[in-house]
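Asker: Got a structure for you, written out below as structure tokens; questions coming shortly.
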Amino acid sequence: MLKVTVLNDNRLYNSSLSCEHGLSLYIETEDQKILFDTGDSDLFLRNAEKIGIRPEEADCIVLSHGDYDHTGGLRYLPGGQKLMAHPMATAFRISRKRGTPAGMPMSEEDLKAKYRVCFSREPQKLGEHILFLGEIERVTDFEGKSFPMIDEQKRTYPCPDDSGLAIRTGEGLVVISGCAHSGICNTVEYAKKLTGQSHVRAVLGGFHLLKMDETAQKTIDYMKENTDTVCLAHCTEDEVCEAFAAQMPGRTRVLGAGIVCEWE
Ligand SMILES: [Fe+2]
Ligand SMILES: [Fe+2]
């Protein structure tokens, strides 16, 4: 059993909730409850309260990466939980577009004082069926061409902290990403390699496809062959979602805050 509830996303699904740029998912399996990202503010908590979810009771918080729109909400949780992330998740970064800091709004010291932090570049098992991917191998030739962040020396920040989850269900894998700065196809390939599973039932999360370009088309071609369905969220722009829906009819879901996805 796998249930994913979208607590925050760029888009809105349940009109009694609100949404903002960012991502936060509440993931439930038979033996684990995971808060995957927190969005930028306390909005994920306000939405969760309205739909009867208590993110503070999660067994583990997983950070897809350190960008502010996935980690800002960490300031509003009571603390004490296990928190899994890549060790570079607290690295300083600046938005290329705005020129302002765009990393986690908590220092590594504050994070460690508040949470039981587990940093890992290596994959880590979080439960019977859930694997934190750690640092994702980048193998495709059409991904990882553009990155939205730079470091203090104004060099491109290629987001080595970008990770995701591979969750085993009865009939194959569900792969979950935050922004997929490593490339969403790379994320799927790495999940398949680590788990030895070849059947991917769904790929869910931000695909970091901001326009319908060559990378987006090659990603659609890849997904047609490599997963049953795509569940598109966050940094997957509308025109890319429309192209997925046209080219993968009946196999594309566009997510929004409040939507629930379930697999047996
Ligand atoms: Fe993001
Ligand atoms: Fe990001």
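Chain labels follow the order of the structure tokens: the first chain is A, the next B, and so on; residue numbering restarts at 1 in every chain, and ligands are counted from 1 in their shown order.
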Which residues sit within 8 Å of ligand 1, counting only C-alpha atoms and all ligand atoms, listed as a list in words?
Answerer: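 With only C-alpha atoms and all ligand atoms and a cut-off of 8 Å, ligand 1 is contacted by His21, Gly22, Leu23, Asp67, Tyr68, Asp69, His70, Gly178, Cys179, Gly206, His208, His234 and Cys235 of chain A.
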Asker: Per residue of range 101-139 of chain A within 12 Å of range 195-200 of chain A, record the nearest atom pair and its distance in Å to one decimal, counting only C-alpha atoms, with rows in chain order and ascending residue number, as JSON lines.
Answerer:
{"residue": "A:Pro123", "atom": "CA", "partner": "A:Thr195", "partner_atom": "CA", "distance": 10.3}
{"residue": "A:Gln124", "atom": "CA", "partner": "A:Thr195", "partner_atom": "CA", "distance": 11.5}
{"residue": "A:Lys125", "atom": "CA", "partner": "A:Thr195", "partner_atom": "CA", "distance": 10.7}
{"residue": "A:His129", "atom": "CA", "partner": "A:Thr195", "partner_atom": "CA", "distance": 10.0}
{"residue": "A:Ile130", "atom": "CA", "partner": "A:Thr195", "partner_atom": "CA", "distance": 10.0}
{"residue": "A:Leu131", "atom": "CA", "partner": "A:Thr195", "partner_atom": "CA", "distance": 8.4}
{"residue": "A:Phe132", "atom": "CA", "partner": "A:Thr195", "partner_atom": "CA", "distance": 11.0}
{"residue": "A:Leu133", "atom": "CA", "partner": "A:Thr195", "partner_atom": "CA", "distance": 9.9}
Asker: From a DSSP calculation on the backbone, collect every residue of range 78-215 of chain A in helix (DSSP H, G or I) and output the set as a list in words.
Answerer: Pro87, Met88, Ala89, Thr90, Glu108, Glu109, Asp110, Leu111, Lys112, Ala113, Lys114, Ile184, Cys185, Asn186, Thr187, Val188, Glu189, Tyr190, Ala191, Lys192, Lys193, Leu194, Thr195, Glu214 and Thr215 of chain A
Asker: Atoms to include: C-alpha atoms. Write the selected residues as a PDB file, in the first residue's frame.
Answerer:
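Written out: selection22.pdb:
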ATOM      1  CA  PRO A  87      25.120  16.338   3.204  1.00  0.00           C
ATOM      2  CA  MET A  88      25.203  19.208   0.694  1.00  0.00           C
ATOM      3  CA  ALA A  89      21.548  20.081   1.418  1.00  0.00           C
ATOM      4  CA  THR A  90      22.663  22.927   3.691  1.00  0.00           C
ATOM      5  CA  GLU A 108      23.466  23.218   9.560  1.00  0.00           C
ATOM      6  CA  GLU A 109      24.021  23.882  13.267  1.00  0.00           C
ATOM      7  CA  ASP A 110      20.394  24.918  13.843  1.00  0.00           C
ATOM      8  CA  LEU A 111      19.156  21.966  11.813  1.00  0.00           C
ATOM      9  CA  LYS A 112      21.171  19.519  13.914  1.00  0.00           C
ATOM     10  CA  ALA A 113      19.995  21.156  17.141  1.00  0.00           C
ATOM     11  CA  LYS A 114      16.350  20.774  16.120  1.00  0.00           C
ATOM     12  CA  ILE A 184      14.114  12.915 -13.774  1.00  0.00           C
ATOM     13  CA  CYS A 185      15.178  10.141 -16.180  1.00  0.00           C
ATOM     14  CA  ASN A 186      18.472   9.822 -14.287  1.00  0.00           C
ATOM     15  CA  THR A 187      16.441   9.548 -11.078  1.00  0.00           C
ATOM     16  CA  VAL A 188      14.346   6.707 -12.504  1.00  0.00           C
ATOM     17  CA  GLU A 189      17.406   4.918 -13.926  1.00  0.00           C
ATOM     18  CA  TYR A 190      19.172   5.129 -10.571  1.00  0.00           C
ATOM     19  CA  ALA A 191      16.100   3.895  -8.668  1.00  0.00           C
ATOM     20  CA  LYS A 192      15.868   0.896 -11.020  1.00  0.00           C
ATOM     21  CA  LYS A 193      19.579   0.174 -10.674  1.00  0.00           C
ATOM     22  CA  LEU A 194      19.577   0.319  -6.860  1.00  0.00           C
ATOM     23  CA  THR A 195      16.427  -1.768  -6.375  1.00  0.00           C
ATOM     24  CA  GLU A 214      14.330  19.102 -26.607  1.00  0.00           C
ATOM     25  CA  THR A 215      15.017  17.889 -23.060  1.00  0.00           C
TER      26      THR A 215
END
Asker: For ligand 2, which of A:Arg251, A:His65, A:Arg155, A:Arg93 is the closest residue, counting only C-alpha atoms and all ligand atoms?
Answerer: A:His65
Asker: From range 118-181 of chain A, collect each residue whose DSSP state is strand (DSSP E) and return the set as an MDAnalysis selection string.
Answerer: chainID A and resid 118:119 124:125 130:132 149:150 164:169 172:177
Asker: Just checking: using only C-alpha atoms and all ligand atoms, which residue out of A:Gly127, A:Gly134, A:Pro148, A:Gly52 ends up closest to ligand 2?
Answerer: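 Smallest distance to ligand 2 is found for A:Pro148.
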